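Visitor: Here you go, this is start-v7.cif (mmCIF, C-alpha atoms).
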data_protein
loop_
_atom_site.group_PDB
_atom_site.id
_atom_site.type_symbol
_atom_site.label_atom_id
_atom_site.label_comp_id
_atom_site.auth_asym_id
_atom_site.auth_seq_id
_atom_site.Cartn_x
_atom_site.Cartn_y
_atom_site.Cartn_z
ATOM 1 C CA MET A 1 33.494 -25.244 15.969
ATOM 2 C CA TRP A 2 30.636 -27.244 14.431
ATOM 3 C CA LEU A 3 30.232 -29.157 17.710
ATOM 4 C CA THR A 4 30.036 -25.882 19.640
ATOM 5 C CA PHE A 5 27.438 -24.552 17.217
ATOM 6 C CA ARG A 6 25.360 -27.734 17.613
ATOM 7 C CA ARG A 7 25.501 -27.405 21.392
ATOM 8 C CA ILE A 8 24.356 -23.770 21.204
ATOM 9 C CA ILE A 9 21.401 -24.736 18.997
ATOM 10 C CA LYS A 10 20.510 -27.671 21.232
ATOM 11 C CA SER A 11 20.656 -25.481 24.357
ATOM 12 C CA GLY A 12 18.534 -22.800 22.663
ATOM 13 C CA LEU A 13 15.897 -25.354 21.649
ATOM 14 C CA LYS A 14 15.912 -26.827 25.154
ATOM 15 C CA SER A 15 15.377 -23.382 26.702
ATOM 16 C CA PHE A 16 12.586 -22.659 24.198
ATOM 17 C CA LEU A 17 10.725 -25.889 25.102
ATOM 18 C CA ARG A 18 11.379 -25.556 28.830
ATOM 19 C CA ASN A 19 9.606 -22.177 28.923
ATOM 20 C CA GLY A 20 6.587 -23.349 26.904
ATOM 21 C CA TRP A 21 3.925 -20.942 28.145
ATOM 22 C CA LEU A 22 6.308 -18.005 28.058
ATOM 23 C CA SER A 23 7.350 -18.898 24.527
ATOM 24 C CA ALA A 24 3.686 -19.179 23.457
ATOM 25 C CA ALA A 25 2.881 -15.731 24.882
ATOM 26 C CA THR A 26 5.916 -14.138 23.194
ATOM 27 C CA ILE A 27 5.102 -15.782 19.875
ATOM 28 C CA SER A 28 1.470 -14.602 20.108
ATOM 29 C CA VAL A 29 2.512 -10.966 20.478
ATOM 30 C CA MET A 30 5.054 -11.301 17.684
ATOM 31 C CA VAL A 31 2.486 -12.971 15.386
ATOM 32 C CA LEU A 32 0.030 -10.117 16.002
ATOM 33 C CA THR A 33 2.719 -7.550 15.184
ATOM 34 C CA LEU A 34 3.773 -9.286 11.967
ATOM 35 C CA ILE A 35 0.131 -9.633 10.873
ATOM 36 C CA VAL A 36 -0.503 -5.936 11.461
ATOM 37 C CA ILE A 37 2.661 -4.877 9.617
ATOM 38 C CA THR A 38 1.881 -7.157 6.646
ATOM 39 C CA SER A 39 -1.734 -5.987 6.580
ATOM 40 C CA LEU A 40 -0.581 -2.378 6.527
ATOM 41 C CA LEU A 41 1.708 -3.183 3.591
ATOM 42 C CA MET A 42 -1.246 -4.701 1.734
ATOM 43 C CA ILE A 43 -3.416 -1.686 2.600
ATOM 44 C CA ASN A 44 -0.735 0.474 0.967
ATOM 45 C CA VAL A 45 -0.937 -1.741 -2.129
ATOM 46 C CA VAL A 46 -4.731 -1.323 -2.233
ATOM 47 C CA ALA A 47 -4.486 2.449 -1.674
ATOM 48 C CA ASP A 48 -1.874 2.803 -4.433
ATOM 49 C CA GLY A 49 -4.069 0.717 -6.753
ATOM 50 C CA VAL A 50 -7.122 2.885 -6.117
ATOM 51 C CA LEU A 51 -5.143 6.114 -6.562
ATOM 52 C CA THR A 52 -3.455 4.894 -9.761
ATOM 53 C CA ASN A 53 -6.809 3.786 -11.166
ATOM 54 C CA LEU A 54 -8.350 7.194 -10.479
ATOM 55 C CA GLN A 55 -5.339 8.989 -11.945
ATOM 56 C CA LYS A 56 -5.722 6.954 -15.144
ATOM 57 C CA LYS A 57 -9.367 7.995 -15.437
ATOM 58 C CA ILE A 58 -8.812 11.682 -14.804
ATOM 59 C CA ASP A 59 -8.481 14.010 -17.779
ATOM 60 C CA VAL A 60 -8.928 17.643 -18.726
ATOM 61 C CA SER A 61 -12.168 18.377 -20.554
ATOM 62 C CA VAL A 62 -12.417 21.709 -22.370
ATOM 63 C CA TYR A 63 -15.958 22.811 -23.251
ATOM 64 C CA PHE A 64 -16.423 25.437 -25.938
ATOM 65 C CA LYS A 65 -19.213 27.955 -26.237
ATOM 66 C CA ILE A 66 -22.059 27.026 -28.567
ATOM 67 C CA GLU A 67 -21.222 29.886 -30.928
ATOM 68 C CA ALA A 68 -17.556 28.763 -31.183
ATOM 69 C CA ASN A 69 -16.320 28.064 -34.711
ATOM 70 C CA GLU A 70 -15.209 24.458 -35.335
ATOM 71 C CA GLU A 71 -12.071 25.682 -37.143
ATOM 72 C CA ASP A 72 -10.985 27.570 -34.014
ATOM 73 C CA ILE A 73 -11.592 24.494 -31.868
ATOM 74 C CA LEU A 74 -9.432 22.404 -34.207
ATOM 75 C CA ILE A 75 -6.671 25.027 -33.968
ATOM 76 C CA VAL A 76 -6.747 24.696 -30.166
ATOM 77 C CA GLU A 77 -6.595 20.925 -30.618
ATOM 78 C CA SER A 78 -3.494 21.155 -32.827
ATOM 79 C CA GLN A 79 -1.793 23.474 -30.302
ATOM 80 C CA LEU A 80 -2.478 20.998 -27.508
ATOM 81 C CA GLU A 81 -1.116 18.077 -29.528
ATOM 82 C CA LYS A 82 2.206 19.897 -29.837
ATOM 83 C CA LEU A 83 2.673 20.000 -26.040
ATOM 84 C CA ASN A 84 5.125 17.442 -24.632
ATOM 85 C CA GLU A 85 2.832 16.913 -21.645
ATOM 86 C CA VAL A 86 -0.110 15.797 -23.797
ATOM 87 C CA GLU A 87 -0.473 12.157 -24.775
ATOM 88 C CA LYS A 88 -3.816 12.275 -26.566
ATOM 89 C CA VAL A 89 -6.501 14.814 -27.543
ATOM 90 C CA GLU A 90 -10.008 13.694 -28.521
ATOM 91 C CA TYR A 91 -12.396 16.111 -30.248
ATOM 92 C CA ILE A 92 -16.098 15.620 -29.550
ATOM 93 C CA SER A 93 -18.389 17.685 -31.768
ATOM 94 C CA ARG A 94 -21.752 18.995 -30.630
ATOM 95 C CA ASP A 95 -23.553 16.307 -32.630
ATOM 96 C CA GLU A 96 -21.398 13.567 -31.091
ATOM 97 C CA ALA A 97 -21.983 15.006 -27.617
ATOM 98 C CA LEU A 98 -25.751 14.986 -28.216
ATOM 99 C CA ALA A 99 -25.668 11.376 -29.479
ATOM 100 C CA LYS A 100 -23.686 10.254 -26.424
ATOM 101 C CA PHE A 101 -26.061 12.114 -24.101
ATOM 102 C CA LYS A 102 -29.085 10.423 -25.688
ATOM 103 C CA GLN A 103 -27.415 7.017 -25.456
ATOM 104 C CA LYS A 104 -26.550 7.555 -21.795
ATOM 105 C CA HIS A 105 -30.093 8.666 -20.893
ATOM 106 C CA LYS A 106 -32.025 6.427 -23.274
ATOM 107 C CA ASP A 107 -34.029 4.987 -20.364
ATOM 108 C CA ASN A 108 -35.319 8.454 -19.444
ATOM 109 C CA PRO A 109 -38.080 9.209 -22.003
ATOM 110 C CA TYR A 110 -38.966 12.584 -20.442
ATOM 111 C CA LEU A 111 -35.427 13.863 -20.873
ATOM 112 C CA ILE A 112 -35.225 12.593 -24.464
ATOM 113 C CA GLN A 113 -38.577 14.195 -25.262
ATOM 114 C CA SER A 114 -37.409 17.500 -23.792
ATOM 115 C CA LEU A 115 -34.346 17.437 -26.034
ATOM 116 C CA GLN A 116 -36.463 16.764 -29.101
ATOM 117 C CA GLU A 117 -38.645 19.781 -28.344
ATOM 118 C CA LEU A 118 -35.619 22.083 -28.402
ATOM 119 C CA GLU A 119 -35.030 23.836 -31.700
ATOM 120 C CA GLU A 120 -31.234 23.814 -31.293
ATOM 121 C CA ASN A 121 -28.652 21.327 -30.081
ATOM 122 C CA PRO A 122 -27.858 22.451 -26.508
ATOM 123 C CA MET A 123 -24.653 20.428 -26.221
ATOM 124 C CA GLU A 124 -21.215 22.023 -26.396
ATOM 125 C CA ALA A 125 -18.257 20.762 -28.397
ATOM 126 C CA SER A 126 -15.337 19.651 -26.253
ATOM 127 C CA LEU A 127 -11.762 18.393 -26.190
ATOM 128 C CA ASN A 128 -10.786 15.545 -23.858
ATOM 129 C CA ILE A 129 -7.080 15.700 -23.042
ATOM 130 C CA LYS A 130 -5.005 12.868 -21.544
ATOM 131 C CA ALA A 131 -1.621 13.767 -20.084
ATOM 132 C CA ARG A 132 1.462 11.554 -20.196
ATOM 133 C CA ASP A 133 1.688 11.828 -16.405
ATOM 134 C CA PRO A 134 -1.004 12.850 -13.849
ATOM 135 C CA SER A 135 1.306 15.550 -12.455
ATOM 136 C CA GLN A 136 1.246 17.336 -15.834
ATOM 137 C CA TYR A 137 -2.458 18.222 -15.826
ATOM 138 C CA GLU A 138 -1.745 21.409 -13.907
ATOM 139 C CA ALA A 139 0.530 22.643 -16.710
ATOM 140 C CA ILE A 140 -2.061 21.732 -19.373
ATOM 141 C CA ALA A 141 -4.826 23.556 -17.497
ATOM 142 C CA GLY A 142 -2.549 26.589 -17.166
ATOM 143 C CA PHE A 143 -1.850 26.510 -20.920
ATOM 144 C CA LEU A 144 -5.577 26.477 -21.712
ATOM 145 C CA GLU A 145 -6.207 29.439 -19.434
ATOM 146 C CA GLY A 146 -3.504 31.476 -21.175
ATOM 147 C CA ILE A 147 -4.068 30.791 -24.886
ATOM 148 C CA SER A 148 -5.442 33.481 -27.207
ATOM 149 C CA TYR A 149 -8.576 31.431 -27.956
ATOM 150 C CA ASN A 150 -9.792 31.398 -24.349
ATOM 151 C CA ASN A 151 -12.664 33.715 -25.404
ATOM 152 C CA ILE A 152 -14.385 30.710 -27.034
ATOM 153 C CA ILE A 153 -13.779 28.399 -24.067
ATOM 154 C CA ASP A 154 -16.780 28.030 -21.781
ATOM 155 C CA LYS A 155 -15.070 26.047 -19.021
ATOM 156 C CA VAL A 156 -12.108 23.765 -18.262
ATOM 157 C CA ASP A 157 -13.281 20.781 -16.207
ATOM 158 C CA TYR A 158 -10.187 19.859 -14.208
ATOM 159 C CA ARG A 159 -10.060 21.652 -10.868
ATOM 160 C CA LYS A 160 -12.836 19.561 -9.266
ATOM 161 C CA ASN A 161 -11.190 16.314 -10.344
ATOM 162 C CA LYS A 162 -7.850 17.563 -9.032
ATOM 163 C CA GLU A 163 -9.416 18.342 -5.653
ATOM 164 C CA VAL A 164 -10.781 14.788 -5.394
ATOM 165 C CA ILE A 165 -7.390 13.274 -6.265
ATOM 166 C CA ASP A 166 -5.578 15.581 -3.821
ATOM 167 C CA LYS A 167 -7.984 14.725 -1.004
ATOM 168 C CA LEU A 168 -7.599 11.015 -1.691
ATOM 169 C CA SER A 169 -3.804 11.388 -1.749
ATOM 170 C CA ASN A 170 -3.899 13.171 1.625
ATOM 171 C CA ILE A 171 -6.081 10.420 3.112
ATOM 172 C CA ILE A 172 -3.701 7.727 1.827
ATOM 173 C CA ASN A 173 -0.673 9.603 3.188
ATOM 174 C CA ASN A 174 -2.369 9.951 6.583
ATOM 175 C CA VAL A 175 -3.216 6.232 6.618
ATOM 176 C CA ARG A 176 0.419 5.435 5.809
ATOM 177 C CA MET A 177 1.662 7.706 8.590
ATOM 178 C CA ILE A 178 -0.722 6.107 11.096
ATOM 179 C CA GLY A 179 0.423 2.687 9.893
ATOM 180 C CA ILE A 180 4.088 3.575 10.396
ATOM 181 C CA VAL A 181 3.407 4.872 13.921
ATOM 182 C CA LEU A 182 1.293 1.813 14.798
ATOM 183 C CA SER A 183 3.947 -0.547 13.408
ATOM 184 C CA GLY A 184 6.642 1.254 15.403
ATOM 185 C CA ILE A 185 4.615 0.920 18.618
ATOM 186 C CA LEU A 186 3.988 -2.790 18.017
ATOM 187 C CA VAL A 187 7.641 -3.426 17.200
ATOM 188 C CA LEU A 188 8.601 -1.745 20.463
ATOM 189 C CA ILE A 189 6.093 -3.926 22.349
ATOM 190 C CA VAL A 190 7.519 -7.062 20.699
ATOM 191 C CA ILE A 191 11.058 -6.067 21.670
ATOM 192 C CA LEU A 192 9.990 -5.459 25.280
ATOM 193 C CA VAL A 193 7.998 -8.714 25.508
ATOM 194 C CA THR A 194 10.779 -10.785 23.939
ATOM 195 C CA PHE A 195 13.348 -8.992 26.085
ATOM 196 C CA ASN A 196 11.437 -9.901 29.249
ATOM 197 C CA ALA A 197 10.819 -13.462 28.052
ATOM 198 C CA ILE A 198 14.543 -13.980 27.512
ATOM 199 C CA ARG A 199 15.282 -12.342 30.873
ATOM 200 C CA LEU A 200 12.999 -14.876 32.551
ATOM 201 C CA ALA A 201 14.658 -17.690 30.601
ATOM 202 C CA ILE A 202 18.046 -16.380 31.765
ATOM 203 C CA TYR A 203 16.801 -16.239 35.350
ATOM 204 C CA SER A 204 15.625 -19.866 35.208
ATOM 205 C CA ALA A 205 19.043 -20.887 33.803
ATOM 206 C CA ARG A 206 21.102 -18.661 36.100
ATOM 207 C CA GLU A 207 22.792 -21.594 37.848
ATOM 208 C CA GLU A 208 23.890 -23.079 34.501
ATOM 209 C CA ILE A 209 25.244 -19.679 33.422
ATOM 210 C CA LYS A 210 27.237 -19.381 36.673
ATOM 211 C CA ILE A 211 28.759 -22.835 36.124
ATOM 212 C CA MET A 212 29.668 -21.955 32.496
ATOM 213 C CA ARG A 213 31.353 -18.772 33.699
ATOM 214 C CA LEU A 214 33.293 -20.697 36.347
ATOM 215 C CA VAL A 215 34.607 -23.216 33.820
ATOM 216 C CA GLY A 216 35.724 -20.372 31.513
ATOM 217 C CA ALA A 217 33.030 -20.376 28.826
ATOM 218 C CA ASN A 218 33.213 -17.247 26.665
ATOM 219 C CA ASN A 219 30.343 -14.797 26.370
ATOM 220 C CA TRP A 220 29.312 -15.968 22.910
ATOM 221 C CA PHE A 221 28.848 -19.522 24.135
ATOM 222 C CA ILE A 222 26.620 -18.209 26.944
ATOM 223 C CA GLN A 223 24.731 -15.780 24.708
ATOM 224 C CA GLY A 224 24.250 -18.220 21.806
ATOM 225 C CA PRO A 225 21.387 -20.376 23.195
ATOM 226 C CA PHE A 226 19.310 -17.313 24.116
ATOM 227 C CA ILE A 227 19.852 -15.722 20.714
ATOM 228 C CA ILE A 228 18.821 -19.034 19.119
ATOM 229 C CA GLU A 229 15.716 -18.964 21.318
ATOM 230 C CA GLY A 230 14.885 -15.457 20.076
ATOM 231 C CA ILE A 231 15.432 -16.560 16.463
ATOM 232 C CA LEU A 232 13.054 -19.501 17.046
ATOM 233 C CA TYR A 233 10.440 -17.023 18.283
ATOM 234 C CA GLY A 234 10.869 -15.070 15.058
ATOM 235 C CA ILE A 235 10.770 -18.063 12.685
ATOM 236 C CA ILE A 236 7.694 -19.664 14.276
ATOM 237 C CA SER A 237 5.891 -16.305 14.510
ATOM 238 C CA SER A 238 6.593 -15.553 10.845
ATOM 239 C CA LEU A 239 5.282 -18.901 9.650
ATOM 240 C CA LEU A 240 2.176 -18.645 11.843
ATOM 241 C CA ALA A 241 1.489 -15.078 10.672
ATOM 242 C CA LEU A 242 1.773 -16.154 7.034
ATOM 243 C CA GLY A 243 -0.429 -19.188 7.708
ATOM 244 C CA ILE A 244 -3.126 -16.909 9.161
ATOM 245 C CA LEU A 245 -2.873 -14.220 6.477
ATOM 246 C CA TYR A 246 -3.079 -16.622 3.518
ATOM 247 C CA PRO A 247 -6.702 -17.779 4.083
ATOM 248 C CA VAL A 248 -7.756 -14.318 5.317
ATOM 249 C CA PHE A 249 -6.541 -12.653 2.104
ATOM 250 C CA TYR A 250 -8.132 -15.455 0.078
ATOM 251 C CA PHE A 251 -11.594 -14.805 1.550
ATOM 252 C CA ILE A 252 -11.504 -10.979 1.595
ATOM 253 C CA SER A 253 -10.027 -10.594 -1.904
ATOM 254 C CA PRO A 254 -13.340 -11.054 -3.836
ATOM 255 C CA LYS A 255 -15.101 -8.617 -1.510
ATOM 256 C CA LEU A 256 -12.415 -5.945 -1.978
ATOM 257 C CA SER A 257 -12.348 -6.380 -5.761
ATOM 258 C CA SER A 258 -16.157 -6.054 -5.921
ATOM 259 C CA PHE A 259 -16.257 -2.479 -4.617
ATOM 260 C CA LEU A 260 -12.716 -1.170 -5.179
ATOM 261 C CA PRO A 261 -11.177 -0.506 -8.627
ATOM 262 C CA ILE A 262 -8.189 -2.790 -8.031
ATOM 263 C CA GLU A 263 -6.888 -6.031 -9.465
ATOM 264 C CA ASP A 264 -7.336 -9.298 -7.582
ATOM 265 C CA PHE A 265 -5.950 -8.683 -4.092
ATOM 266 C CA PHE A 266 -5.163 -12.369 -3.457
ATOM 267 C CA ASN A 267 -3.397 -12.784 -6.808
ATOM 268 C CA TYR A 268 -1.013 -9.991 -5.825
ATOM 269 C CA PHE A 269 -0.332 -11.733 -2.521
ATOM 270 C CA GLN A 270 0.266 -15.066 -4.283
ATOM 271 C CA ALA A 271 2.543 -13.499 -6.892
ATOM 272 C CA ASN A 272 4.662 -11.993 -4.119
ATOM 273 C CA PHE A 273 4.316 -14.902 -1.667
ATOM 274 C CA TRP A 274 8.037 -15.655 -1.404
ATOM 275 C CA ALA A 275 8.855 -11.966 -0.992
ATOM 276 C CA PHE A 276 6.370 -11.768 1.892
ATOM 277 C CA LEU A 277 7.819 -14.960 3.387
ATOM 278 C CA VAL A 278 11.357 -13.573 3.287
ATOM 279 C CA LEU A 279 10.148 -10.229 4.662
ATOM 280 C CA LEU A 280 8.276 -11.825 7.567
ATOM 281 C CA LEU A 281 11.126 -14.212 8.372
ATOM 282 C CA GLY A 282 13.599 -11.350 8.233
ATOM 283 C CA MET A 283 11.518 -9.142 10.529
ATOM 284 C CA GLY A 284 10.788 -11.999 12.944
ATOM 285 C CA ILE A 285 14.397 -13.189 13.162
ATOM 286 C CA ILE A 286 15.785 -9.659 13.555
ATOM 287 C CA LEU A 287 13.257 -8.760 16.268
ATOM 288 C CA GLY A 288 13.824 -12.009 18.163
ATOM 289 C CA ALA A 289 17.608 -12.045 17.862
ATOM 290 C CA PHE A 290 17.980 -8.331 18.674
ATOM 291 C CA SER A 291 15.788 -8.543 21.793
ATOM 292 C CA SER A 292 17.630 -11.654 22.988
ATOM 293 C CA PHE A 293 21.021 -10.114 22.344
ATOM 294 C CA ILE A 294 20.158 -6.991 24.344
ATOM 295 C CA ALA A 295 18.716 -9.057 27.222
ATOM 296 C CA ILE A 296 21.705 -11.403 27.619
ATOM 297 C CA ARG A 297 24.236 -8.576 27.161
ATOM 298 C CA LYS A 298 22.517 -6.612 29.901
ATOM 299 C CA TYR A 299 22.603 -9.671 32.179
ATOM 300 C CA LEU A 300 26.265 -10.444 31.517
ATOM 301 C CA LYS A 301 27.242 -6.839 32.256
ATOM 302 C CA ALA A 302 25.244 -6.862 35.508
#
Any chance you could give the structure as C-alpha cells?
Guide:
Amino acid sequence: MWLTFRRIIKSGLKSFLRNGWLSAATISVMVLTLIVITSLLMINVVADGVLTNLQKKIDVSVYFKIEANEEDILIVESQLEKLNEVEKVEYISRDEALAKFKQKHKDNPYLIQSLQELEENPMEASLNIKARDPSQYEAIAGFLEGISYNNIIDKVDYRKNKEVIDKLSNIINNVRMIGIVLSGILVLIVILVTFNAIRLAIYSAREEIKIMRLVGANNWFIQGPFIIEGILYGIISSLLALGILYPVFYFISPKLSSFLPIEDFFNYFQANFWAFLVLLLGMGIILGAFSSFIAIRKYLKA
C-alpha cells in the first residue's frame, strides 16, 4: 500500500513537471484567486474595525433648555442610570460646557471675545449617555422622548449619528456582498482552468492510461497522480499567495493606520499568520483536488 502511494505521488510529480508551462499558468490563476479572497477577508477586518470604532464613539447627547432647573436634569439622570441599557451617564453643566467650548476654540480670539460680550452663558446643560451595546441606543432615545420631563429637553442628538452608522453599515454589507460574488466567480474560473489543465495532462498521458487499464489497474491508481497534481497546484499557489501578501500588507499597514481608526493592520495579519496559512492551503488543496477529481472522473467515464 505504501509502495502504491509512493508511485502515485511520483507519477503526479512527474506529470506536474512534464507540463511546466501549463502548470505555471494554472498556478498563476489560482494565486490571483487566493490573493483576492484573502484581501477581501482583510478588507472585512478593516471594515469591522472602522465600524466598531465608530460605534464606540457614538453616544446619545441630551441638551436641556437654558431655563431648565438643575434638579430636574439630575432627576432625568437618575432615571437613565436605572435603565439596563445604559452603561454610563455624564452630566455636563452649563458652566462646564462653556469652559469646554472656550478650551476648544481658544485659538479663535473673535469667538472668545463674542462670548465675553454676552451677558448670559449661552451654553446648555447636557447629559452624555453611553449604552452597553450600540443596538440599545434606539431604546434609550425612545425613553427620552417619552419621559414626563421632555418639556425641559431642547434636543436629543442621536438620529444624525445613527444615520451615519446605518449608512456605513450598508456600505460595508454591500462591499461584503460584492466580495462574495467576486470570490465565487474567481473560484469558478480556477476550477475551470485547473479542470482544463488536468484534462490536457490526461490527454498527454492517454497512452499510459490505456496501458494501465489493460493491465487491470483500478480507477484510484489511475486517478491518484492527477489528484496529486491538482494538490500540488494548490500547495504551491497557497505558498506563493502568502509570500506575495506578506510584504504587501507590511508596506500598506502604516498607510491604512494613518487615516483609518483601526489597529495595526500588519500586526493582525502576523497574529493570525498560521490561521491564514491553513486557510490558504485548505482552499488551494480543495480547489486543486476537486478540479482534478472531476476531470479524471469525466475522462474515465467517457
Visitor: Residues near stretch 71-81 of chain A, anyone? I mean within 8 Å using only C-alpha atoms, not counting same-chain ones fewer than 4 positions away, as a list of chain:residue names.
Guide: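 What passes the distance filter is A:Phe64, A:Val86, A:Glu87, A:Lys88, A:Val89, A:Tyr91, A:Leu127, A:Tyr149.
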Visitor: Please write as a PyMOL selection string the full residue list that the PyMOL selection byres ((chain A and resi 199) around 12) yields on this file.
Guide: chain A and resi 15+19+22+191-198+200-206+223+226-227+229-230+291-300
Visitor: For the file shown, what are the residues hit by the PyMOL selection byres ((chain A and resi 25) around 12), laid out as a list of chain:residue names?
Guide: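 Checking the PyMOL selection byres ((chain A and resi 25) around 12) against this file, the residues are A:Phe16, A:Asn19, A:Gly20, A:Trp21, A:Leu22, A:Ser23, A:Ala24, A:Thr26, A:Ile27, A:Ser28, A:Val29, A:Met30, A:Val31, A:Leu32, A:Val190, A:Val193, A:Thr194, A:Asn196, A:Ala197, A:Tyr233, A:Ser237.
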Visitor: Contacts of A:Ile92 at 7 Å or less, counting all atoms listed in the file, minus same-chain residues fewer than 2 places along, as a PyMOL selection string?
Guide: chain A and resi 90+94+96-97+125-127
Visitor: Just the number, please: distance in Å from atom CA of A:Asn44 to atom CA of A:Leu287, one decimal.
Guide: 22.7 Å
Visitor: Within 12 Å of stretch 246-254 of chain A, which residues of stretch 5-90 of chain A show up? Give each one with its shortest atom-to-atom distance in Å (one decimal) and the two atoms involved, counting all atoms listed in the file, rows by chain then rising residue number, as a Markdown table.
Guide:
| residue | atom | partner | partner_atom | distance |
| --- | --- | --- | --- | --- |
| A:Ile35 | CA | A:Tyr246 | CA | 10.6 |
| A:Thr38 | CA | A:Phe249 | CA | 11.0 |
| A:Ser39 | CA | A:Phe249 | CA | 9.4 |
| A:Met42 | CA | A:Phe249 | CA | 9.6 |
| A:Ile43 | CA | A:Phe249 | CA | 11.4 |
| A:Val46 | CA | A:Ser253 | CA | 10.7 |
Visitor: Check the smallest atom-to-atom distance from each of A:Asp59, A:Asp107, A:Lys14, A:Glu120 to A:Asp133 using all atoms listed in the file, then report the winner.
Guide: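 Going through A:Asp59, A:Asp107, A:Lys14, A:Glu120 one by one, the smallest distance to A:Asp133 is for A:Asp59.
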Visitor: Please, what distance in Å, to one decimal, runs between atom CA of A:Gly234 and atom CA of A:Asn267?
Guide: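 It comes out at 26.2 Å.
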Visitor: Kindly list the centre and edge lengths in Å, rounded to one decimal, for the axis-aligned box that covers all listed atoms of stretch 264-275 of chain A plus 5 Å on each of its six sides, as lines of an AutoDock Vina configuration file.
Guide:
center_x = 0.8
center_y = -12.2
center_z = -4.3
size_x = 26.2
size_y = 17.0
size_z = 16.6
Visitor: To one decimal place, how far is atom CA of A:Asn69 from atom CA of A:Ile152 in Å?
Guide: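 Distance between the two atoms: 8.3 Å.
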Visitor: What would stretch 195-201 of chain A look like with all heavy atoms restored, written as a tab-separated table (two decimals), in the frame of the given file?
Guide:
chain	number	residue	atom	x	y	z
A	195	PHE	N	12.28	-9.32	25.14
A	195	PHE	CA	13.35	-8.99	26.08
A	195	PHE	C	13.05	-9.60	27.46
A	195	PHE	O	13.89	-10.26	28.08
A	195	PHE	CB	13.48	-7.47	26.18
A	195	PHE	CG	14.49	-7.00	27.20
A	195	PHE	CD1	15.81	-6.86	26.85
A	195	PHE	CD2	14.10	-6.71	28.50
A	195	PHE	CE1	16.76	-6.42	27.79
A	195	PHE	CE2	15.02	-6.27	29.44
A	195	PHE	CZ	16.35	-6.12	29.09
A	196	ASN	N	11.82	-9.38	27.93
A	196	ASN	CA	11.44	-9.90	29.25
A	196	ASN	C	11.33	-11.42	29.26
A	196	ASN	O	11.66	-12.07	30.27
A	196	ASN	CB	10.12	-9.28	29.71
A	196	ASN	CG	10.29	-7.83	30.13
A	196	ASN	OD1	11.19	-7.50	30.89
A	196	ASN	ND2	9.46	-6.94	29.62
A	197	ALA	N	10.89	-12.00	28.14
A	197	ALA	CA	10.82	-13.46	28.05
A	197	ALA	C	12.22	-14.08	28.16
A	197	ALA	O	12.43	-15.07	28.86
A	197	ALA	CB	10.16	-13.87	26.74
A	198	ILE	N	13.17	-13.48	27.46
A	198	ILE	CA	14.54	-13.98	27.51
A	198	ILE	C	15.14	-13.75	28.91
A	198	ILE	O	15.88	-14.60	29.43
A	198	ILE	CB	15.41	-13.30	26.43
A	198	ILE	CG1	14.89	-13.66	25.02
A	198	ILE	CG2	16.87	-13.70	26.57
A	198	ILE	CD1	14.96	-15.14	24.68
A	199	ARG	N	14.79	-12.61	29.51
A	199	ARG	CA	15.28	-12.34	30.87
A	199	ARG	C	14.79	-13.41	31.85
A	199	ARG	O	15.55	-13.87	32.73
A	199	ARG	CB	14.80	-10.96	31.33
A	199	ARG	CG	15.46	-9.80	30.62
A	199	ARG	CD	16.87	-9.53	31.07
A	199	ARG	NE	16.93	-8.93	32.38
A	199	ARG	CZ	18.05	-8.64	33.02
A	199	ARG	NH1	19.22	-8.94	32.46
A	199	ARG	NH2	18.04	-8.08	34.20
A	200	LEU	N	13.53	-13.82	31.68
A	200	LEU	CA	13.00	-14.88	32.55
A	200	LEU	C	13.68	-16.21	32.26
A	200	LEU	O	13.94	-17.01	33.18
A	200	LEU	CB	11.48	-15.00	32.35
A	200	LEU	CG	10.65	-13.86	32.94
A	200	LEU	CD1	9.19	-13.99	32.51
A	200	LEU	CD2	10.74	-13.86	34.47
A	201	ALA	N	13.95	-16.46	30.97
A	201	ALA	CA	14.66	-17.69	30.60
A	201	ALA	C	16.07	-17.68	31.19
A	201	ALA	O	16.57	-18.71	31.66
A	201	ALA	CB	14.72	-17.82	29.08
